[in-house]
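Have a look at input-v8.pdb; it's PDB, C-alpha atoms and all ligand atoms:
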ATOM      1  CA  MET G 289      35.929   8.874 -24.121  1.00  0.00           C
ATOM      2  CA  LEU G 290      34.598   7.959 -20.722  1.00  0.00           C
ATOM      3  CA  ASN G 291      36.091   4.685 -19.498  1.00  0.00           C
ATOM      4  CA  VAL G 292      33.715   3.531 -16.868  1.00  0.00           C
ATOM      5  CA  GLY G 293      33.950  -0.240 -17.129  1.00  0.00           C
ATOM      6  CA  ARG G 294      30.731  -1.607 -15.768  1.00  0.00           C
ATOM      7  CA  ILE G 295      28.265   0.948 -14.576  1.00  0.00           C
ATOM      8  CA  ALA G 296      25.385   0.379 -12.239  1.00  0.00           C
ATOM      9  CA  ARG G 297      22.727   3.023 -11.885  1.00  0.00           C
ATOM     10  CA  SER G 298      20.910   3.677  -8.686  1.00  0.00           C
ATOM     11  CA  VAL G 299      18.206   6.121  -7.780  1.00  0.00           C
ATOM     12  CA  LEU G 300      18.759   8.267  -4.728  1.00  0.00           C
ATOM     13  CA  PRO G 301      15.902   9.549  -2.592  1.00  0.00           C
ATOM     14  CA  GLY G 302      14.453  12.527  -4.373  1.00  0.00           C
ATOM     15  CA  GLY G 303      14.746  10.891  -7.761  1.00  0.00           C
ATOM     16  CA  ILE G 304      18.314  12.002  -8.538  1.00  0.00           C
ATOM     17  CA  TYR G 305      20.354   9.515 -10.552  1.00  0.00           C
ATOM     18  CA  SER G 306      23.771   8.602  -9.261  1.00  0.00           C
ATOM     19  CA  TRP G 307      26.387   6.612 -11.140  1.00  0.00           C
ATOM     20  CA  LEU G 308      28.464   4.020  -9.408  1.00  0.00           C
ATOM     21  CA  ARG G 309      31.653   2.809 -10.996  1.00  0.00           C
ATOM     22  CA  ALA G 310      32.399  -0.851 -10.565  1.00  0.00           C
ATOM     23  CA  THR G 311      35.084  -3.069 -12.012  1.00  0.00           C
ATOM     24  CA  LYS G 312      35.561  -6.811 -12.233  1.00  0.00           C
ATOM     25  CA  GLY G 313      36.090  -8.289  -8.775  1.00  0.00           C
ATOM     26  CA  ASP G 314      34.067  -5.653  -6.935  1.00  0.00           C
ATOM     27  CA  TYR G 315      31.378  -6.887  -4.585  1.00  0.00           C
ATOM     28  CA  PRO G 316      32.727 -10.427  -4.151  1.00  0.00           C
ATOM     29  CA  MET G 317      30.503 -13.090  -2.618  1.00  0.00           C
ATOM     30  CA  GLN G 318      31.227 -12.764   1.087  1.00  0.00           C
ATOM     31  CA  ASN G 319      29.490 -15.514   2.942  1.00  0.00           C
ATOM     32  CA  PHE G 320      27.762 -17.982   0.697  1.00  0.00           C
ATOM     33  CA  ASP G 321      27.024 -20.443   3.528  1.00  0.00           C
ATOM     34  CA  ALA G 322      25.374 -17.792   5.731  1.00  0.00           C
ATOM     35  CA  LEU G 323      23.195 -16.645   2.850  1.00  0.00           C
ATOM     36  CA  GLN G 324      22.208 -20.186   1.932  1.00  0.00           C
ATOM     37  CA  ALA G 325      21.405 -20.932   5.608  1.00  0.00           C
ATOM     38  CA  GLU G 326      19.149 -17.857   5.781  1.00  0.00           C
ATOM     39  CA  LEU G 327      17.013 -19.419   3.060  1.00  0.00           C
ATOM     40  CA  GLU G 328      16.260 -22.353   5.395  1.00  0.00           C
ATOM     41  CA  GLY G 329      16.076 -24.867   2.577  1.00  0.00           C
ATOM     42  CA  ARG G 330      13.398 -22.934   0.665  1.00  0.00           C
ATOM     43  CA  ALA G 331      15.738 -22.139  -2.212  1.00  0.00           C
ATOM     44  CA  LYS G 332      19.067 -23.198  -3.577  1.00  0.00           C
ATOM     45  CA  LEU G 333      21.629 -20.543  -4.462  1.00  0.00           C
ATOM     46  CA  VAL G 334      23.486 -21.052  -7.713  1.00  0.00           C
ATOM     47  CA  ILE G 335      26.018 -18.267  -8.103  1.00  0.00           C
ATOM     48  CA  GLY G 336      28.130 -17.841 -11.202  1.00  0.00           C
ATOM     49  CA  ASP G 337      28.143 -17.003 -14.866  1.00  0.00           C
ATOM     50  CA  ILE G 338      25.027 -18.212 -16.650  1.00  0.00           C
ATOM     51  CA  ARG G 339      27.198 -19.174 -19.625  1.00  0.00           C
ATOM     52  CA  GLU G 340      28.801 -21.834 -17.461  1.00  0.00           C
ATOM     53  CA  ILE G 341      25.478 -23.535 -16.703  1.00  0.00           C
ATOM     54  CA  HIS G 342      25.156 -26.003 -19.534  1.00  0.00           C
ATOM     55  CA  ASP G 343      21.834 -27.507 -18.586  1.00  0.00           C
ATOM     56  CA  LEU G 344      19.093 -26.759 -16.102  1.00  0.00           C
ATOM     57  CA  GLU G 345      19.017 -30.398 -15.026  1.00  0.00           C
ATOM     58  CA  SER G 346      21.948 -29.603 -12.761  1.00  0.00           C
ATOM     59  CA  VAL G 347      19.955 -26.768 -11.149  1.00  0.00           C
ATOM     60  CA  PHE G 348      16.403 -28.070 -10.886  1.00  0.00           C
ATOM     61  CA  ASN G 349      14.952 -31.429 -10.065  1.00  0.00           C
ATOM     62  CA  ASP G 350      11.900 -32.843 -11.739  1.00  0.00           C
ATOM     63  CA  THR G 351       9.875 -33.010  -8.517  1.00  0.00           C
ATOM     64  CA  ALA G 352       9.801 -29.202  -8.480  1.00  0.00           C
ATOM     65  CA  PRO G 353       9.592 -28.085 -12.106  1.00  0.00           C
ATOM     66  CA  LEU G 354      10.099 -24.437 -12.979  1.00  0.00           C
ATOM     67  CA  GLY G 355       6.877 -22.385 -12.844  1.00  0.00           C
ATOM     68  CA  PHE G 356       8.196 -18.824 -12.675  1.00  0.00           C
ATOM     69  CA  ALA G 357      11.419 -16.972 -13.380  1.00  0.00           C
ATOM     70  CA  SER G 358      12.325 -13.334 -13.028  1.00  0.00           C
ATOM     71  CA  ILE G 359      14.994 -12.465 -15.563  1.00  0.00           C
ATOM     72  CA  ASP G 360      17.106  -9.418 -14.732  1.00  0.00           C
ATOM     73  CA  VAL G 361      20.532  -9.683 -16.323  1.00  0.00           C
ATOM     74  CA  ASP G 362      20.474  -6.315 -18.097  1.00  0.00           C
ATOM     75  CA  ILE G 363      21.787  -7.181 -21.525  1.00  0.00           C
ATOM     76  CA  TYR G 364      20.858  -9.080 -24.690  1.00  0.00           C
ATOM     77  CA  SER G 365      23.600 -11.735 -24.586  1.00  0.00           C
ATOM     78  CA  SER G 366      23.002 -12.752 -20.964  1.00  0.00           C
ATOM     79  CA  THR G 367      19.249 -12.921 -21.524  1.00  0.00           C
ATOM     80  CA  ARG G 368      19.854 -15.035 -24.594  1.00  0.00           C
ATOM     81  CA  SER G 369      22.008 -17.446 -22.541  1.00  0.00           C
ATOM     82  CA  ILE G 370      19.112 -17.950 -20.121  1.00  0.00           C
ATOM     83  CA  LEU G 371      16.582 -18.446 -22.883  1.00  0.00           C
ATOM     84  CA  GLU G 372      18.806 -20.992 -24.624  1.00  0.00           C
ATOM     85  CA  LEU G 373      18.675 -23.006 -21.400  1.00  0.00           C
ATOM     86  CA  LEU G 374      14.877 -22.790 -21.406  1.00  0.00           C
ATOM     87  CA  ALA G 375      14.819 -23.971 -25.024  1.00  0.00           C
ATOM     88  CA  SER G 376      16.945 -27.044 -24.338  1.00  0.00           C
ATOM     89  CA  THR G 377      15.744 -28.128 -20.892  1.00  0.00           C
ATOM     90  CA  PRO G 378      13.780 -31.405 -20.959  1.00  0.00           C
ATOM     91  CA  GLN G 379      10.065 -30.764 -20.494  1.00  0.00           C
ATOM     92  CA  ARG G 380       9.875 -32.615 -17.176  1.00  0.00           C
ATOM     93  CA  PHE G 381      11.847 -29.805 -15.518  1.00  0.00           C
ATOM     94  CA  LEU G 382       9.271 -27.235 -16.629  1.00  0.00           C
ATOM     95  CA  MET G 383       5.596 -26.571 -15.987  1.00  0.00           C
ATOM     96  CA  PRO G 384       3.444 -26.589 -19.160  1.00  0.00           C
ATOM     97  CA  THR G 385       3.524 -22.801 -18.969  1.00  0.00           C
ATOM     98  CA  VAL G 386       6.237 -20.915 -17.139  1.00  0.00           C
ATOM     99  CA  GLN G 387       5.495 -17.348 -16.182  1.00  0.00           C
ATOM    100  CA  LEU G 388       8.433 -15.058 -16.917  1.00  0.00           C
ATOM    101  CA  HIS G 389       9.148 -11.534 -15.715  1.00  0.00           C
ATOM    102  CA  PHE G 390      11.530  -9.395 -17.780  1.00  0.00           C
ATOM    103  CA  ASP G 391      12.429  -6.090 -16.175  1.00  0.00           C
ATOM    104  CA  ASP G 392      13.839  -4.191 -19.173  1.00  0.00           C
ATOM    105  CA  VAL G 393      11.010  -4.272 -21.676  1.00  0.00           C
ATOM    106  CA  TRP G 394       9.093  -1.057 -21.082  1.00  0.00           C
ATOM    107  CA  SER G 395       9.618   2.444 -19.648  1.00  0.00           C
ATOM    108  CA  GLU G 396      12.520   3.467 -21.875  1.00  0.00           C
ATOM    109  CA  TRP G 397      12.668   4.113 -25.614  1.00  0.00           C
ATOM    110  CA  GLY G 398      15.697   1.809 -25.908  1.00  0.00           C
ATOM    111  CA  TYR G 399      13.545  -1.157 -24.949  1.00  0.00           C
ATOM    112  CA  ASN G 400      12.329  -2.561 -28.241  1.00  0.00           C
ATOM    113  CA  LYS G 401      12.364  -5.880 -30.042  1.00  0.00           C
ATOM    114  CA  TYR G 402      15.551  -5.014 -31.914  1.00  0.00           C
ATOM    115  CA  ALA G 403      17.714  -4.913 -28.791  1.00  0.00           C
ATOM    116  CA  GLY G 404      18.138  -6.254 -25.282  1.00  0.00           C
ATOM    117  CA  GLU G 405      15.680  -8.603 -23.608  1.00  0.00           C
ATOM    118  CA  LEU G 406      13.001  -8.181 -26.281  1.00  0.00           C
ATOM    119  CA  LEU G 407      15.447  -9.162 -29.031  1.00  0.00           C
ATOM    120  CA  ALA G 408      16.462 -12.241 -27.021  1.00  0.00           C
ATOM    121  CA  ILE G 409      12.758 -13.175 -26.784  1.00  0.00           C
ATOM    122  CA  GLU G 410      12.252 -12.621 -30.523  1.00  0.00           C
ATOM    123  CA  GLU G 411      15.188 -14.897 -31.289  1.00  0.00           C
ATOM    124  CA  PHE G 412      14.080 -17.510 -28.759  1.00  0.00           C
ATOM    125  CA  ASN G 413      10.864 -17.895 -30.723  1.00  0.00           C
ATOM    126  CA  THR G 414      12.857 -18.893 -33.797  1.00  0.00           C
ATOM    127  CA  LEU G 415      15.013 -21.478 -31.982  1.00  0.00           C
ATOM    128  CA  THR G 416      12.422 -24.227 -31.711  1.00  0.00           C
ATOM    129  CA  ASP G 417       8.864 -24.967 -32.788  1.00  0.00           C
ATOM    130  CA  VAL G 418       7.888 -26.418 -29.416  1.00  0.00           C
ATOM    131  CA  ARG G 419       8.820 -23.623 -27.000  1.00  0.00           C
ATOM    132  CA  LYS G 420       7.400 -20.155 -27.512  1.00  0.00           C
ATOM    133  CA  ILE G 421       7.380 -17.018 -25.389  1.00  0.00           C
ATOM    134  CA  ASP G 422       4.379 -14.727 -25.678  1.00  0.00           C
ATOM    135  CA  SER G 423       3.008 -11.902 -23.564  1.00  0.00           C
ATOM    136  CA  ASP G 424       0.953 -13.008 -20.565  1.00  0.00           C
ATOM    137  CA  ARG G 425      -2.619 -12.210 -21.533  1.00  0.00           C
ATOM    138  CA  TYR G 426      -4.013 -13.192 -18.125  1.00  0.00           C
ATOM    139  CA  VAL G 427      -2.171 -10.654 -16.095  1.00  0.00           C
ATOM    140  CA  ASP G 428      -4.636  -7.748 -16.432  1.00  0.00           C
ATOM    141  CA  TYR G 429      -7.449 -10.043 -15.410  1.00  0.00           C
ATOM    142  CA  TRP G 430      -5.730 -11.485 -12.333  1.00  0.00           C
ATOM    143  CA  HIS G 431      -4.337  -8.163 -11.169  1.00  0.00           C
ATOM    144  CA  GLY G 432      -7.422  -5.979 -11.410  1.00  0.00           C
ATOM    145  CA  GLY G 433      -7.009  -4.124 -14.700  1.00  0.00           C
ATOM    146  CA  ARG G 434      -4.152  -2.559 -16.571  1.00  0.00           C
ATOM    147  CA  ASN G 435      -0.905  -1.591 -14.949  1.00  0.00           C
ATOM    148  CA  PRO G 436       2.376  -0.625 -16.664  1.00  0.00           C
ATOM    149  CA  TRP G 437       4.331  -3.498 -15.081  1.00  0.00           C
ATOM    150  CA  HIS G 438       2.029  -5.994 -16.753  1.00  0.00           C
ATOM    151  CA  ALA G 439       4.067  -5.371 -19.927  1.00  0.00           C
ATOM    152  CA  SER G 440       6.909  -7.192 -18.157  1.00  0.00           C
ATOM    153  CA  MET G 441       4.935 -10.406 -17.830  1.00  0.00           C
ATOM    154  CA  PHE G 442       5.401 -13.159 -20.381  1.00  0.00           C
ATOM    155  CA  MET G 443       4.591 -16.861 -20.656  1.00  0.00           C
ATOM    156  CA  LEU G 444       6.849 -19.601 -21.855  1.00  0.00           C
ATOM    157  CA  HIS G 445       4.615 -22.115 -23.601  1.00  0.00           C
ATOM    158  CA  VAL G 446       6.118 -25.579 -23.357  1.00  0.00           C
ATOM    159  CA  LEU G 447       4.271 -27.084 -26.293  1.00  0.00           C
ATOM    160  CA  ASP G 448       6.152 -30.368 -25.968  1.00  0.00           C
ATOM    161  CA  HIS G 449       5.072 -30.797 -22.317  1.00  0.00           C
ATOM    162  CA  SER G 450       3.534 -34.201 -21.605  1.00  0.00           C
ATOM    163  CA  LEU G 451       0.499 -32.549 -19.960  1.00  0.00           C
ATOM    164  CA  ARG G 452      -0.177 -30.561 -23.120  1.00  0.00           C
ATOM    165  CA  LEU G 453       0.112 -33.648 -25.286  1.00  0.00           C
ATOM    166  CA  LYS G 454      -2.097 -35.816 -23.114  1.00  0.00           C
ATOM    167  CA  PRO G 455      -5.075 -37.210 -25.045  1.00  0.00           C
ATOM    168  CA  ASN G 456      -8.563 -36.583 -23.680  1.00  0.00           C
ATOM    169  CA  SER G 457     -10.243 -39.283 -21.581  1.00  0.00           C
ATOM    170  CA  GLY G 458     -10.762 -41.546 -24.578  1.00  0.00           C
ATOM    171  CA  ARG G 459     -14.524 -41.619 -24.054  1.00  0.00           C
ATOM    172  CA  PRO G 460     -16.425 -40.402 -27.108  1.00  0.00           C
ATOM    173  CA  LYS G 461     -18.101 -37.047 -26.591  1.00  0.00           C
ATOM    174  CA  VAL G 462     -21.871 -37.039 -26.987  1.00  0.00           C
ATOM    175  CA  ILE G 463     -24.025 -33.904 -27.072  1.00  0.00           C
ATOM    176  CA  SER G 464     -27.275 -35.590 -26.077  1.00  0.00           C
ATOM    177  CA  GLU G 465     -28.256 -39.191 -25.557  1.00  0.00           C
TER     178      GLU G 465
HETATM  179  C1  LIG G 501      20.344  -5.258 -12.381  1.00  0.00           C
HETATM  180  S1  LIG G 501      21.320  -6.542 -11.722  1.00  0.00           S
HETATM  181  C2  LIG G 501      20.175  -7.636 -10.991  1.00  0.00           C
HETATM  182  C3  LIG G 501      19.780  -7.218  -9.661  1.00  0.00           C
HETATM  183  C4  LIG G 501      18.946  -8.263  -8.927  1.00  0.00           C
HETATM  184  N1  LIG G 501      17.652  -8.435  -9.557  1.00  0.00           N
HETATM  185  C5  LIG G 501      18.794  -7.820  -7.513  1.00  0.00           C
HETATM  186  O1  LIG G 501      17.704  -7.399  -7.124  1.00  0.00           O
HETATM  187  O2  LIG G 501      19.786  -7.867  -6.798  1.00  0.00           O
HETATM  188  C6  LIG G 501      21.820  -7.438 -13.124  1.00  0.00           C
HETATM  189  C7  LIG G 501      22.728  -8.574 -12.736  1.00  0.00           C
HETATM  190  O3  LIG G 501      22.887  -9.448 -13.819  1.00  0.00           O
HETATM  191  C8  LIG G 501      24.136 -10.083 -13.653  1.00  0.00           C
HETATM  192  N2  LIG G 501      24.537 -10.755 -14.911  1.00  0.00           N
HETATM  193  C9  LIG G 501      24.607 -10.245 -16.160  1.00  0.00           C
HETATM  194  N3  LIG G 501      25.072 -11.176 -17.011  1.00  0.00           N
HETATM  195  C10 LIG G 501      25.285 -12.306 -16.302  1.00  0.00           C
HETATM  196  C11 LIG G 501      25.766 -13.609 -16.606  1.00  0.00           C
HETATM  197  N4  LIG G 501      26.134 -13.947 -17.846  1.00  0.00           N
HETATM  198  N5  LIG G 501      25.846 -14.510 -15.605  1.00  0.00           N
HETATM  199  C12 LIG G 501      25.467 -14.194 -14.343  1.00  0.00           C
HETATM  200  N6  LIG G 501      25.018 -12.984 -13.975  1.00  0.00           N
HETATM  201  C13 LIG G 501      24.931 -12.044 -14.941  1.00  0.00           C
HETATM  202  C14 LIG G 501      25.033  -8.918 -13.264  1.00  0.00           C
HETATM  203  O4  LIG G 501      26.169  -9.372 -12.619  1.00  0.00           O
HETATM  204  C15 LIG G 501      24.133  -8.121 -12.338  1.00  0.00           C
HETATM  205  O5  LIG G 501      24.320  -8.490 -10.998  1.00  0.00           O
END
I need this file expressed as structure tokens, please.
Ligand SMILES: C[S@@+](CC[C@H](N)C(=O)[O-])C[C@H]1O[C@@H](n2cnc3c(N)ncnc32)[C@H](O)[C@@H]1O
Amino acid sequence: MLNVGRIARSVLPGGIYSWLRATKGDYPMQNFDALQAELEGRAKLVIGDIREIHDLESVFNDTAPLGFASIDVDIYSSTRSILELLASTPQRFLMPTVQLHFDDVWSEWGYNKYAGELLAIEEFNTLTDVRKIDSDRYVDYWHGGRNPWHASMFMLHVLDHSLRLKPNSGRPKVISE
């Protein structure tokens, strides 16, 4: 049996696949401060195991709620950890809809709703009645027609968001006076 530990695949010029062996401890964080400084305050780096982030309140603040996330953690369990955070985060840290990009949902036969990211999404939708992830049905429209990557675009619907629960103006609606 091949004992490869963690494997990362990369594509070489010319389309040839190469396999890179990596083990725990490879590619350590080298200069966190330099990387954070390069971002000039536009983003905050949070580096570590997602399973150790117990709530998104420690990551976000409610003056800049989450509007988009690109999720690229390769496997079912890690994706599920992220989605559990999105299920439990108080609504004020989220926009009423949060656009989500999942990279491993099309282009290979192994990407289906019984495994990986798509399974994590399926299960997310059973966790709570007030947060649901669905495909993004606007994306073809906004990006000039169909494109394969559009299958990667999803929307988190925050059905318990205060803006979605807001009553209308309160004035009675009248068709003609
Ligand atoms: C394909 S790579 C992402 C590459 C990244 N999008 C980029 O452009 O550099 C997948 C990454 O998910 C990370 N990952 C998987 N499970 C994780 C977890 N539980 N916590 C933190 N990172 C995790 C892996 O360490 C790996 O770096």
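What the PyMOL selection byres (((not hetatm)) within 10 of (chain G and resi 501)) grabs from this file is G:Arg294, G:Ala296, G:Arg297, G:Ser298, G:Lys312, G:Tyr315, G:Val334, G:Ile335, G:Gly336, G:Asp337, G:Ile338, G:Arg339, G:Glu340, G:Ile341, G:Ser358, G:Ile359, G:Asp360, G:Val361, G:Asp362, G:Ile363, G:Tyr364, G:Ser365, G:Ser366, G:Thr367, G:Arg368, G:Ser369, G:Ile370, G:Asp391, G:Asp392.
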Residue nearest Phe390 (chain G) among G:Lys461, G:Arg425, G:Lys454, G:His438 (counting all atoms listed in the file)
G:His438
Go through G:Leu354, G:Met383, G:Ala408, G:Ala439 one by one, measure the shortest atom-to-atom distance of each to Arg452 (chain G) using all atoms listed in the file, and give the residue with the smallest value.
G:Met383
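Of note, CA of Leu344 (chain G) and CA of Gln379 (chain G) are spaced 10.8 Å apart.
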The PyMOL selection byres (((chain G and resi 410) around 12) and not hetatm) resolved against shown file, as an MDAnalysis selection string
chainID G and resid 364 367:368 371 400:409 411:416 420:423
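Atom pair CA of Asp417 (chain G) / CA of Asp350 (chain G) has a distance of 22.7 Å (rounded to one decimal).
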Can you turn the PyMOL selection byres (((chain G and resi 332) around 12) and not hetatm) into a concrete residue list for this file, as a PDB file with C-alpha atoms, keeping the file's coordinate frame?
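What landed in expr08.pdb:
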ATOM      1  CA  PHE G 320      27.762 -17.982   0.697  1.00  0.00           C
ATOM      2  CA  ASP G 321      27.024 -20.443   3.528  1.00  0.00           C
ATOM      3  CA  LEU G 323      23.195 -16.645   2.850  1.00  0.00           C
ATOM      4  CA  GLN G 324      22.208 -20.186   1.932  1.00  0.00           C
ATOM      5  CA  ALA G 325      21.405 -20.932   5.608  1.00  0.00           C
ATOM      6  CA  GLU G 326      19.149 -17.857   5.781  1.00  0.00           C
ATOM      7  CA  LEU G 327      17.013 -19.419   3.060  1.00  0.00           C
ATOM      8  CA  GLU G 328      16.260 -22.353   5.395  1.00  0.00           C
ATOM      9  CA  GLY G 329      16.076 -24.867   2.577  1.00  0.00           C
ATOM     10  CA  ARG G 330      13.398 -22.934   0.665  1.00  0.00           C
ATOM     11  CA  ALA G 331      15.738 -22.139  -2.212  1.00  0.00           C
ATOM     12  CA  LEU G 333      21.629 -20.543  -4.462  1.00  0.00           C
ATOM     13  CA  VAL G 334      23.486 -21.052  -7.713  1.00  0.00           C
ATOM     14  CA  ILE G 335      26.018 -18.267  -8.103  1.00  0.00           C
ATOM     15  CA  SER G 346      21.948 -29.603 -12.761  1.00  0.00           C
ATOM     16  CA  VAL G 347      19.955 -26.768 -11.149  1.00  0.00           C
ATOM     17  CA  PHE G 348      16.403 -28.070 -10.886  1.00  0.00           C
ATOM     18  CA  ASN G 349      14.952 -31.429 -10.065  1.00  0.00           C
TER      19      ASN G 349
END
For CA of Pro436 (chain G) and CA of Val386 (chain G), the interatomic separation in Å (one decimal):
20.7 Å
